[in-house]
Each structure stands twice: as structure tokens, then as C-alpha cells.
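Student: Below is the file my_file_23.csv, which contains CSV, C-alpha atoms.
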chain,number,residue,atom,x,y,z
S,1,MET,CA,-31.3,-4.6,131.6
S,2,THR,CA,-27.7,-3.8,132.3
S,3,ILE,CA,-24.8,-6.2,132.2
S,4,PHE,CA,-23.0,-4.8,135.3
S,5,PRO,CA,-24.8,-3.7,138.4
S,6,LEU,CA,-25.4,-0.1,138.9
S,7,ALA,CA,-24.7,-0.6,142.5
S,8,LEU,CA,-22.9,-3.2,144.6
S,9,GLY,CA,-25.9,-3.7,146.8
S,10,GLU,CA,-27.5,-6.0,144.3
S,11,VAL,CA,-24.6,-8.5,144.7
S,12,THR,CA,-23.4,-8.2,148.2
S,13,LEU,CA,-26.5,-9.7,149.9
S,14,THR,CA,-26.4,-12.7,147.6
S,15,ILE,CA,-22.9,-13.4,148.8
S,16,VAL,CA,-24.0,-12.9,152.4
S,17,ALA,CA,-26.9,-15.3,151.8
S,18,PHE,CA,-24.4,-18.0,150.8
S,19,PHE,CA,-22.3,-17.6,153.9
S,20,LEU,CA,-25.3,-17.5,156.2
S,21,GLY,CA,-26.6,-20.6,154.4
S,22,ILE,CA,-23.3,-22.3,155.3
S,23,LEU,CA,-23.6,-21.2,158.9
S,24,LEU,CA,-27.1,-22.6,159.3
S,25,GLY,CA,-26.4,-25.6,157.0
S,26,THR,CA,-23.9,-26.9,159.6
S,27,GLN,CA,-26.9,-27.6,161.8
S,28,LEU,CA,-28.3,-30.0,159.2
S,29,GLN,CA,-27.5,-33.6,159.9
S,30,ALA,CA,-29.0,-35.4,157.0
S,31,ARG,CA,-27.8,-37.7,154.3
S,32,LEU,CA,-29.1,-36.4,151.1
S,33,SER,CA,-29.1,-38.5,147.9
S,34,ARG,CA,-28.2,-36.9,144.6
S,35,ARG,CA,-31.8,-37.1,143.5
S,36,THR,CA,-33.0,-35.2,146.6
S,37,THR,CA,-30.2,-32.6,146.2
S,38,LEU,CA,-31.3,-32.1,142.6
S,39,LEU,CA,-34.9,-31.8,143.7
S,40,ILE,CA,-34.0,-29.2,146.3
S,41,LEU,CA,-32.0,-27.2,143.7
S,42,ILE,CA,-34.8,-27.3,141.1
S,43,MET,CA,-37.4,-26.3,143.7
S,44,SER,CA,-35.1,-23.5,144.8
S,45,VAL,CA,-34.8,-22.2,141.2
S,46,VAL,CA,-38.6,-22.4,140.8
S,47,ALA,CA,-39.1,-20.6,144.1
S,48,ALA,CA,-36.5,-17.9,143.1
S,49,PHE,CA,-38.4,-17.3,139.9
S,50,LEU,CA,-41.7,-16.9,141.9
S,51,PHE,CA,-40.1,-14.6,144.5
S,52,GLU,CA,-38.5,-12.5,141.8
S,53,ALA,CA,-35.7,-10.0,142.3
S,54,PRO,CA,-36.6,-6.9,144.3
S,55,VAL,CA,-38.3,-4.2,142.2
S,56,HIS,CA,-35.3,-1.8,142.7
S,57,TYR,CA,-32.9,-4.2,141.1
S,58,SER,CA,-32.0,-3.8,137.5
S,59,SER,CA,-28.8,-5.8,136.6
S,60,VAL,CA,-28.2,-9.4,135.6
S,61,LEU,CA,-26.0,-10.0,138.6
S,62,GLY,CA,-29.0,-8.8,140.7
S,63,GLY,CA,-31.1,-11.5,139.0
S,64,VAL,CA,-33.0,-9.3,136.5
S,65,PHE,CA,-32.9,-10.8,133.0
S,66,ALA,CA,-35.9,-9.0,131.5
S,67,GLU,CA,-38.7,-6.8,132.6
S,68,HIS,CA,-40.9,-9.7,133.9
S,69,ILE,CA,-38.2,-12.4,134.1
S,70,SER,CA,-36.1,-12.2,137.2
S,71,PHE,CA,-34.8,-14.5,139.9
S,72,SER,CA,-34.2,-14.1,143.5
S,73,PHE,CA,-30.5,-15.0,143.5
S,74,LYS,CA,-30.4,-14.6,147.3
S,75,PHE,CA,-32.7,-17.6,147.6
S,76,ILE,CA,-30.7,-19.8,145.3
S,77,SER,CA,-27.5,-18.7,147.0
S,78,ALA,CA,-28.9,-19.5,150.5
S,79,THR,CA,-30.0,-22.9,149.3
S,80,ILE,CA,-26.6,-23.7,147.9
S,81,GLY,CA,-25.0,-22.4,151.1
S,82,LEU,CA,-27.2,-24.7,153.1
S,83,LEU,CA,-26.2,-27.7,151.1
S,84,VAL,CA,-22.5,-26.8,151.3
S,85,GLY,CA,-22.8,-26.2,155.1
S,86,LYS,CA,-24.6,-29.6,155.5
S,87,SER,CA,-21.7,-31.3,153.7
S,88,LEU,CA,-19.3,-29.8,156.1
S,89,ARG,CA,-20.9,-31.6,159.0
S,90,LYS,CA,-20.3,-35.2,159.5
S,91,GLU,CA,-23.2,-37.3,158.2
S,92,GLY,CA,-25.7,-39.1,160.2
S,93,GLY,CA,-29.3,-38.9,161.3
S,94,ILE,CA,-32.0,-39.5,158.8
S,95,GLN,CA,-31.2,-41.3,155.5
W,1,MET,CA,-60.7,-7.9,194.4
W,2,GLU,CA,-64.2,-6.9,195.4
W,3,ILE,CA,-65.4,-3.4,196.3
W,4,LYS,CA,-65.7,-4.4,200.0
W,5,GLU,CA,-62.0,-5.0,200.2
W,6,LEU,CA,-61.3,-1.3,199.2
W,7,ARG,CA,-62.4,-0.1,202.6
W,8,GLY,CA,-59.9,1.5,205.0
W,9,ILE,CA,-56.4,2.3,203.9
W,10,LYS,CA,-56.6,0.4,200.6
W,11,GLY,CA,-59.7,2.4,199.6
W,12,ILE,CA,-58.0,5.7,200.4
W,13,VAL,CA,-54.9,4.8,198.4
W,14,ALA,CA,-57.1,3.7,195.5
W,15,ALA,CA,-59.1,6.9,195.6
W,16,VAL,CA,-56.0,9.2,195.7
W,17,ALA,CA,-54.4,7.2,192.9
W,18,LEU,CA,-57.5,7.6,190.7
W,19,LEU,CA,-57.7,11.3,191.5
W,20,ILE,CA,-54.1,11.8,190.5
W,21,ILE,CA,-54.6,9.9,187.2
W,22,PHE,CA,-57.8,11.7,186.5
W,23,PHE,CA,-56.4,15.2,187.0
W,24,GLY,CA,-53.2,14.3,185.1
W,25,VAL,CA,-55.0,13.0,182.1
W,26,PHE,CA,-57.7,15.8,182.2
W,27,SER,CA,-55.1,18.6,182.5
W,28,SER,CA,-53.1,17.2,179.6
W,29,PHE,CA,-56.2,17.2,177.4
W,30,LEU,CA,-56.8,20.9,178.4
W,31,GLN,CA,-53.2,21.7,177.3
W,32,LEU,CA,-53.5,19.7,174.1
W,33,GLU,CA,-54.8,22.4,171.8
W,34,GLY,CA,-52.1,24.1,169.8
W,35,ASN,CA,-49.3,22.3,171.7
W,36,VAL,CA,-49.0,19.1,169.8
W,37,ALA,CA,-45.6,18.8,168.3
W,38,ARG,CA,-45.7,16.7,165.1
W,39,GLY,CA,-42.3,15.5,165.9
W,40,ILE,CA,-39.7,14.5,163.4
W,41,SER,CA,-41.7,11.9,161.5
W,42,GLU,CA,-42.6,14.1,158.6
W,43,GLU,CA,-39.0,15.1,158.0
W,44,TYR,CA,-37.8,11.6,158.4
W,45,ASN,CA,-40.3,10.3,155.9
W,46,LYS,CA,-38.8,12.6,153.3
W,47,LEU,CA,-35.3,11.3,154.1
W,48,ALA,CA,-35.9,7.6,154.8
W,49,TYR,CA,-35.7,6.5,151.1
W,50,ARG,CA,-32.1,7.5,151.2
W,51,ILE,CA,-31.5,4.6,153.5
W,52,ALA,CA,-33.7,1.9,152.1
W,53,PRO,CA,-36.6,1.7,149.6
W,54,ASN,CA,-38.5,-0.1,152.4
W,55,ASN,CA,-39.5,2.8,154.6
W,56,LEU,CA,-40.6,0.5,157.4
W,57,ALA,CA,-37.1,-1.0,157.7
W,58,SER,CA,-35.6,2.5,158.0
W,59,TRP,CA,-38.0,3.4,160.7
W,60,VAL,CA,-37.7,0.2,162.7
W,61,TYR,CA,-33.9,-0.3,162.5
W,62,ASP,CA,-32.7,3.3,162.0
W,63,TYR,CA,-35.1,5.8,163.5
W,64,ARG,CA,-36.1,3.4,166.3
W,65,GLY,CA,-32.9,1.3,166.3
W,66,ILE,CA,-32.3,1.4,170.0
W,67,ASP,CA,-35.9,0.6,170.8
W,68,THR,CA,-35.7,-2.4,168.6
W,69,LEU,CA,-32.4,-3.4,170.2
W,70,LEU,CA,-34.1,-3.4,173.6
W,71,GLU,CA,-37.1,-5.4,172.2
W,72,THR,CA,-34.5,-7.9,170.9
W,73,GLY,CA,-33.1,-8.1,174.4
W,74,VAL,CA,-36.5,-8.6,175.9
W,75,ILE,CA,-37.1,-11.6,173.5
W,76,TYR,CA,-33.8,-13.2,174.4
W,77,VAL,CA,-34.0,-12.7,178.1
W,78,GLY,CA,-37.6,-13.9,177.9
W,79,ALA,CA,-36.5,-17.0,176.1
W,80,VAL,CA,-33.7,-17.7,178.6
W,81,VAL,CA,-36.0,-17.2,181.6
W,82,SER,CA,-38.6,-19.5,179.9
W,83,VAL,CA,-35.9,-22.1,179.5
W,84,LEU,CA,-34.9,-21.8,183.1
W,85,VAL,CA,-38.5,-22.2,184.2
W,86,LEU,CA,-39.5,-25.0,181.8
W,87,GLY,CA,-35.9,-26.2,181.3
W,88,ARG,CA,-36.5,-29.7,182.7
W,89,GLY,CA,-38.8,-30.4,179.8
W,90,LEU,CA,-42.6,-30.7,180.0
W,91,VAL,CA,-42.4,-34.4,180.2
W,92,ARG,CA,-40.4,-34.2,183.4
W,93,LEU,CA,-42.4,-31.5,185.2
W,94,ASN,CA,-44.7,-33.7,187.2
W,95,VAL,CA,-42.4,-36.7,187.5
W,96,PRO,CA,-40.2,-37.4,190.5
W,97,GLU,CA,-36.4,-37.3,189.9
W,98,GLU,CA,-36.0,-41.1,190.4
W,99,GLU,CA,-38.4,-42.1,187.7
W,100,ASP,CA,-37.5,-42.4,184.1
W,101,ILE,CA,-38.6,-39.8,181.6
W,102,VAL,CA,-42.0,-40.6,180.1
W,103,LYS,CA,-41.4,-41.8,176.6
W,104,VAL,CA,-43.6,-40.1,174.0
W,105,SER,CA,-44.1,-42.4,171.1
W,106,GLY,CA,-45.2,-39.6,168.8
W,107,MET,CA,-41.8,-38.1,169.0
W,108,ASP,CA,-40.0,-41.2,167.8
W,109,LEU,CA,-41.4,-41.6,164.3
W,110,LYS,CA,-39.9,-44.3,162.3
W,111,THR,CA,-38.9,-42.9,158.9
W,112,GLU,CA,-39.4,-46.3,157.3
W,113,THR,CA,-43.2,-46.1,157.9
W,114,MET,CA,-43.4,-42.5,157.0
W,115,PRO,CA,-45.9,-41.5,154.2
W,116,VAL,CA,-44.3,-41.1,150.8
W,117,LEU,CA,-45.1,-37.4,150.7
W,118,LEU,CA,-43.4,-36.7,154.0
W,119,LYS,CA,-40.5,-39.0,153.4
W,120,TYR,CA,-39.4,-37.4,150.1
W,121,PHE,CA,-40.6,-33.8,150.6
W,122,ALA,CA,-40.3,-33.0,154.3
W,123,LEU,CA,-36.5,-32.5,154.3
W,124,PRO,CA,-36.4,-30.4,151.1
W,125,VAL,CA,-39.2,-28.3,152.6
W,126,VAL,CA,-37.3,-27.7,155.8
W,127,ILE,CA,-34.2,-26.7,153.8
W,128,LEU,CA,-36.2,-24.4,151.6
W,129,LEU,CA,-37.9,-22.9,154.6
W,130,ILE,CA,-34.5,-21.9,156.0
W,131,ALA,CA,-33.5,-20.5,152.7
W,132,TYR,CA,-36.7,-18.5,152.7
W,133,GLY,CA,-36.0,-17.2,156.1
W,134,LEU,CA,-32.6,-16.0,154.9
W,135,LEU,CA,-34.3,-14.4,151.9
W,136,VAL,CA,-36.7,-12.5,154.1
W,137,VAL,CA,-34.0,-11.1,156.3
W,138,LEU,CA,-31.7,-10.1,153.5
W,139,GLU,CA,-34.4,-8.4,151.5
W,140,ALA,CA,-35.6,-6.4,154.5
W,141,PRO,CA,-34.2,-3.1,153.2
W,142,THR,CA,-35.8,-3.4,149.8
W,143,SER,CA,-39.1,-5.3,150.5
W,144,GLY,CA,-41.2,-6.7,153.4
W,145,GLY,CA,-39.4,-8.7,156.0
W,146,GLY,CA,-36.8,-8.4,158.7
W,147,GLY,CA,-34.9,-10.1,161.4
W,148,PHE,CA,-37.9,-11.0,163.5
W,149,GLN,CA,-39.7,-12.7,160.6
W,150,CYS,CA,-36.6,-14.6,159.6
W,151,GLY,CA,-36.1,-15.9,163.1
W,152,VAL,CA,-39.7,-17.1,163.3
W,153,ILE,CA,-39.5,-18.8,159.8
W,154,VAL,CA,-36.3,-20.6,160.7
W,155,SER,CA,-37.7,-21.6,164.0
W,156,SER,CA,-40.8,-23.0,162.3
W,157,ALA,CA,-38.5,-25.0,160.1
W,158,TYR,CA,-36.9,-26.4,163.2
W,159,LEU,CA,-40.3,-27.2,164.7
W,160,LEU,CA,-41.5,-28.8,161.5
W,161,SER,CA,-38.4,-30.9,161.3
W,162,VAL,CA,-38.9,-32.1,164.9
W,163,ILE,CA,-42.6,-32.8,164.4
W,164,ILE,CA,-42.0,-34.9,161.4
W,165,TYR,CA,-38.8,-36.7,162.2
W,166,GLY,CA,-38.9,-36.7,166.0
W,167,LYS,CA,-35.9,-36.3,168.3
W,168,LYS,CA,-33.5,-37.4,165.7
W,169,SER,CA,-34.4,-34.5,163.5
W,170,PRO,CA,-32.2,-33.7,160.5
W,171,LEU,CA,-32.2,-30.0,161.6
W,172,ASN,CA,-30.2,-31.0,164.6
W,173,MET,CA,-29.5,-27.8,166.4
W,174,ARG,CA,-27.4,-28.3,169.5
W,175,LYS,CA,-27.9,-26.4,172.7
W,176,LYS,CA,-24.5,-24.7,172.4
W,177,ALA,CA,-25.2,-23.7,168.9
W,178,LEU,CA,-28.5,-22.1,169.8
W,179,VAL,CA,-27.0,-20.2,172.7
W,180,ALA,CA,-24.2,-19.1,170.3
W,181,PHE,CA,-26.7,-18.0,167.7
W,182,GLY,CA,-28.6,-15.9,170.2
W,183,THR,CA,-25.6,-14.2,171.7
W,184,PHE,CA,-23.9,-13.7,168.4
W,185,GLY,CA,-27.1,-12.0,167.1
W,186,TRP,CA,-27.6,-9.8,170.0
W,187,GLY,CA,-23.9,-9.0,170.2
W,188,LEU,CA,-23.8,-8.1,166.5
W,189,TYR,CA,-26.8,-5.7,166.9
W,190,VAL,CA,-25.2,-4.0,169.9
W,191,LEU,CA,-21.8,-3.7,168.3
W,192,MET,CA,-23.3,-2.0,165.2
W,193,GLY,CA,-24.0,0.9,167.5
W,194,LEU,CA,-20.3,1.4,168.3
W,195,PRO,CA,-19.1,3.1,165.0
W,196,GLY,CA,-21.8,5.7,165.1
W,197,TYR,CA,-21.2,6.4,168.7
W,198,LEU,CA,-17.5,6.8,168.3
W,199,VAL,CA,-17.7,9.4,165.5
W,200,THR,CA,-20.9,11.2,166.3
W,201,GLY,CA,-21.8,10.5,169.9
W,202,TYR,CA,-25.1,8.9,168.8
W,203,TRP,CA,-25.4,5.2,169.5
W,204,GLN,CA,-26.4,3.2,166.4
W,205,TYR,CA,-26.1,6.2,164.1
W,206,ASN,CA,-26.1,4.8,160.6
W,207,VAL,CA,-22.6,5.6,159.5
W,208,GLY,CA,-23.1,4.0,156.1
W,209,ALA,CA,-26.1,6.1,155.2
W,210,ASP,CA,-25.0,9.1,157.1
W,211,LEU,CA,-28.4,10.8,156.9
W,212,TRP,CA,-28.0,13.7,159.2
W,213,SER,CA,-24.5,15.1,158.4
W,214,TRP,CA,-26.0,17.9,156.4
W,215,VAL,CA,-27.5,19.5,159.6
W,216,SER,CA,-25.1,22.2,160.7
W,217,THR,CA,-25.7,21.5,164.4
W,218,PHE,CA,-25.0,17.7,164.0
W,219,PRO,CA,-22.1,16.7,166.2
W,220,GLY,CA,-19.2,15.0,164.6
W,221,ALA,CA,-18.6,13.9,161.0
W,222,VAL,CA,-18.4,10.4,159.6
W,223,PRO,CA,-15.0,9.7,158.0
W,224,ASP,CA,-15.2,8.8,154.3
W,225,ALA,CA,-13.5,5.4,155.0
W,226,LEU,CA,-16.1,4.4,157.5
W,227,LYS,CA,-18.9,5.6,155.2
W,228,ALA,CA,-17.5,3.5,152.4
W,229,VAL,CA,-17.0,0.4,154.5
W,230,PHE,CA,-20.6,0.3,155.8
W,231,GLY,CA,-22.3,2.1,152.9
W,232,GLU,CA,-20.8,1.1,149.5
W,233,PRO,CA,-21.5,-2.7,149.8
W,234,PHE,CA,-25.2,-2.0,150.2
W,235,MET,CA,-25.5,0.8,147.7
W,236,LEU,CA,-28.6,0.6,145.4
W,237,ALA,CA,-29.5,2.7,142.4
W,238,LEU,CA,-33.2,3.7,142.7
W,239,GLN,CA,-34.7,4.7,139.4
W,240,LEU,CA,-37.2,7.4,140.4
W,241,LYS,CA,-39.2,9.8,138.3
W,242,GLU,CA,-36.7,12.5,139.2
W,243,GLY,CA,-33.9,10.4,138.0
W,244,ILE,CA,-31.5,7.9,139.5
W,245,SER,CA,-31.0,8.2,143.2
W,246,TYR,CA,-28.3,6.3,145.0
W,247,ALA,CA,-29.3,4.9,148.4
W,248,THR,CA,-27.5,2.7,150.9
W,249,SER,CA,-29.0,0.9,153.8
W,250,GLY,CA,-25.7,1.1,155.6
W,251,ILE,CA,-25.8,-0.9,158.8
W,252,LEU,CA,-29.4,-1.9,158.4
W,253,PRO,CA,-28.8,-5.3,156.8
W,254,ILE,CA,-26.1,-6.2,159.4
W,255,ILE,CA,-28.5,-5.2,162.2
W,256,ASN,CA,-31.2,-7.3,160.6
W,257,ILE,CA,-28.9,-10.3,160.4
W,258,GLY,CA,-28.1,-9.9,164.1
W,259,GLU,CA,-31.7,-9.6,164.9
W,260,SER,CA,-32.6,-12.7,163.0
W,261,PHE,CA,-29.9,-14.9,164.7
W,262,ASN,CA,-31.0,-13.6,168.1
W,263,VAL,CA,-34.6,-14.6,167.4
W,264,ILE,CA,-33.6,-18.0,166.0
W,265,GLY,CA,-31.5,-18.6,169.1
W,266,ALA,CA,-34.3,-17.5,171.4
W,267,ILE,CA,-37.3,-19.2,169.9
W,268,CYS,CA,-35.5,-22.5,169.1
W,269,LEU,CA,-34.1,-22.5,172.6
W,270,ILE,CA,-37.6,-22.6,174.0
W,271,PHE,CA,-38.6,-25.4,171.5
W,272,PHE,CA,-35.4,-27.2,172.5
W,273,ALA,CA,-36.2,-27.0,176.2
W,274,PHE,CA,-39.7,-28.4,175.5
W,275,ILE,CA,-38.4,-31.2,173.3
W,276,TYR,CA,-35.3,-32.4,175.0
W,277,GLY,CA,-35.4,-30.8,178.5
W,278,TRP,CA,-32.4,-29.0,179.8
W,279,SER,CA,-29.5,-29.9,182.0
W,280,ASP,CA,-25.8,-29.0,182.1
W,281,SER,CA,-24.7,-32.5,181.6
W,282,GLU,CA,-26.9,-33.3,178.6
W,283,GLU,CA,-26.2,-32.2,175.1
W,284,GLY,CA,-29.8,-32.7,174.1
W,285,ALA,CA,-30.2,-33.3,170.5
W,286,SER,CA,-27.0,-35.2,170.2
W,287,GLU,CA,-28.1,-37.9,172.6
What's the C-alpha cells form of this structure?
Tutor:
Amino acid sequence: MTIFPLALGEVTLTIVAFFLGILLGTQLQARLSRRTTLLILIMSVVAAFLFEAPVHYSSVLGGVFAEHISFSFKFISATIGLLVGKSLRKEGGIQ
Amino acid sequence: MEIKELRGIKGIVAAVALLIIFFGVFSSFLQLEGNVARGISEEYNKLAYRIAPNNLASWVYDYRGIDTLLETGVIYVGAVVSVLVLGRGLVRLNVPEEEDIVKVSGMDLKTETMPVLLKYFALPVVILLIAYGLLVVLEAPTSGGGGFQCGVIVSSAYLLSVIIYGKKSPLNMRKKALVAFGTFGWGLYVLMGLPGYLVTGYWQYNVGADLWSWVSTFPGAVPDALKAVFGEPFMLALQLKEGISYATSGILPIINIGESFNVIGAICLIFFAFIYGWSDSEEGASE
């Protein structure tokens, strides 16, 4: 485990995931309650743990906390981006 | 076509064509021994890890980048043509212009009567599916996945949303947005060929990875600034037995993103045409 990434590639795509999430999130027209939003975020973290960080990643910023404990930060970042993108669009549709 | 129909001029043409094909294939088999060039694949396999740990991504988007670009084009053109053919919507196909569109009750689900499981989990699943699609495209250089797969996954999220919620789907992709996604994706893919072409003369040369500059006969040299812009942000430190090896996928992730948006636009456009029909005056999902 290293504190700082050995290479920038472990972080860049997480940032890109956030912005792509915003882009696609603007296509969501749904009113989400706080409970549903929390559910999505929890499910996202669980999924990120299951997906794990790529085997070539080695830093905390890349999502690697220990040898067998890693998170796919891209997935969490994309989910947050989608929720942010959704909030940018005027509400309506399903409730 | 039956054998009887091959009499006369048709039969002669068929026989000549078959003879040409036969002699062509047969003679090429005779020349096969000792003349098979193994191509560049073996050398490329030795170099591909310098681009991305996922060798397949290096092959599809670097070595065969233009081929994949054309495949992407075929997908989008195919989608547009499909929309033009089916654009009025399946429901309208056999109905005269004057009659109203047949209402399909299954498409107008009332969310109030929806099963609990669907009501509370369908939308989170749709959102997580999109996030998964983004994960698949962004992890393409390091693990399995890519633009095509991402496009299909996001399209399946769109379809799932429409199947569950009907026309007033929460994933409310508009016609203009889908066209914009497709053109943005294809355009991004095409434009990624420009930097390589300008400095080396090879379209879609990976200026970030700069794999072939060590060859003495390679035309042109990639400036350090260009190499840094496209290479540094995607640099990975691969811990190999031989030690740490730095590899950058260069323009591969960007190409993958372009590819994914192209496929999202193309496939969702077909779904859109089936669901809402197509006309210049309608905005489809918004109505």
C-alpha cells in the first residue's frame, strides 16, 4: 500500500467517471427521496467492493487499502456523478 | 434458384465464376508453403503491455484502431438507417395516417400499482447499471470491457427503464440527446486520429504511448508536450517480475469513451424509434 499513487492513471479515470456520470445523469428525470439516494449510494459502495480496484492499482487513491481490500472508485464516482447530473435537470417524471 | 435456371448465359457465367474461384484458391494453397508471413503480431504482443495491461484493448483500439473506427461507423449508420426504416414506430406501421396510434396498455404502467420490489429497486438498478457501464468503459485498458460493452449496458438500462416504467421512463433520453451522444462519440473517436496524423503521418497513431518511435525508419517524432498531454494522465506503474514498468494507454481511454457514446446513441436510437416512433415535429419522450 502506498499513500500517493505511483502513477496518475489510477486517479484520472475516477475523475472522468464523475463527469461522464454527470453527462448521463442529466438524462435522468426522476425524483429521488433521501432514502432512495442513500440506498443507491450504499449499493454503490457494496458493488465497488465486489468489483474491486484493477489488479494493477496499488495506491489508496486508486482504491487499494490492503491486499484483498480494495474499492472500485470509478464505480462510486460514476454513481455520484449520475446523482449530481440528475439534480441538474428539472424534476419530474416518476416519484 | 434451381439448377434448371442455370441453363444458358446464367449457367456459363456461374461456371466461369466457379472456375476462377477454384483456380484462385487452389493456386494460393500451392504457394502457401514457405511463404506465410507471420506478420507483426508476435512483435506487437511483446510491445502491447507498454500501452495497456489489457492486451486485447491494445489490439482492438491501437493496432486495429482504424478498423474499429469503421466498425463504429457501421453501427451508427446501421442505427440511423434502421430508424429511417422503422422510424414511424412499430405501432404505426400498418395503420393508415388518419387513424390514431394504437395505444399499448403495457407501456403505460401505473407506478402506484407496481410491485414493491420494482417500485423501490427498479430505479436504483437502472442508475447502478449506467454506473456499471461507465466502469466497464473506463477499466477497458486494465481489465475486460470497452466502448461496445458500455454502450450495450447503458442501452439495456434504458430498455429496462422503459419496460418497467413505460413511456414516462425516468431515464428520459431525448431524441436530440441521443443523436448528440452518437455524433459526439463518433466525432471524438475520429478526432483522436488527428494528433498522430499531424506528427507522424499515421492516422490514430497513439501519441500518448508512442510505441514505435524507437524504430529508426519511423517517420516523424512525437513532441514531448503532446506525449505528456495524452500519456501522463493515464500512466500506470505495472509491478512486474522484472521490476516496475511504466505504461500509459495514451489515447485508448478517450477512444473507448467515444466508442461507448457512439454505441449508446446508436442502440438507444433504435429503441427510441420502436417506442416513440419518429417524426421531425415530435420530441418523443418529452411528450
Student: Please write as a ChimeraX atom specification the list of polymer residues whose atoms come within 9 Å of (-24.9, 5.8, 151.6), counting only C-alpha atoms and keeping to the coordinates of the file.
Tutor: /W:50-51,207-211,227-228,230-232,234-236,246-250
Student: Excluding range 24-37 of chain S and its own-chain neighbours fewer than 5 positions away, which residues fall within 9 Å of it when counting all atoms listed in the file? Please give them as an MDAnalysis selection string.
Tutor: (chainID S and resid 19 42 79 81:95) or (chainID W and resid 120:121 123:124 127 130 169:174 177)
Student: Could you tell me how far CA of Ala53 in chain S lies from CA of Pro253 in chain W, in Å and to one decimal?
Tutor: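 Separation of CA of Ala53 in chain S and CA of Pro253 in chain W: 16.7 Å.
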Student: Can you tell me how far CA of Leu252 in chain W sits from CA of Pro141 in chain W, in Å to one decimal?
Tutor: 7.2 Å
Student: Kindly give the distance, in Å, that separates CA of Ser82 in chain W and CA of Asp67 in chain W, rounded to a single decimal.
Tutor: 22.2 Å
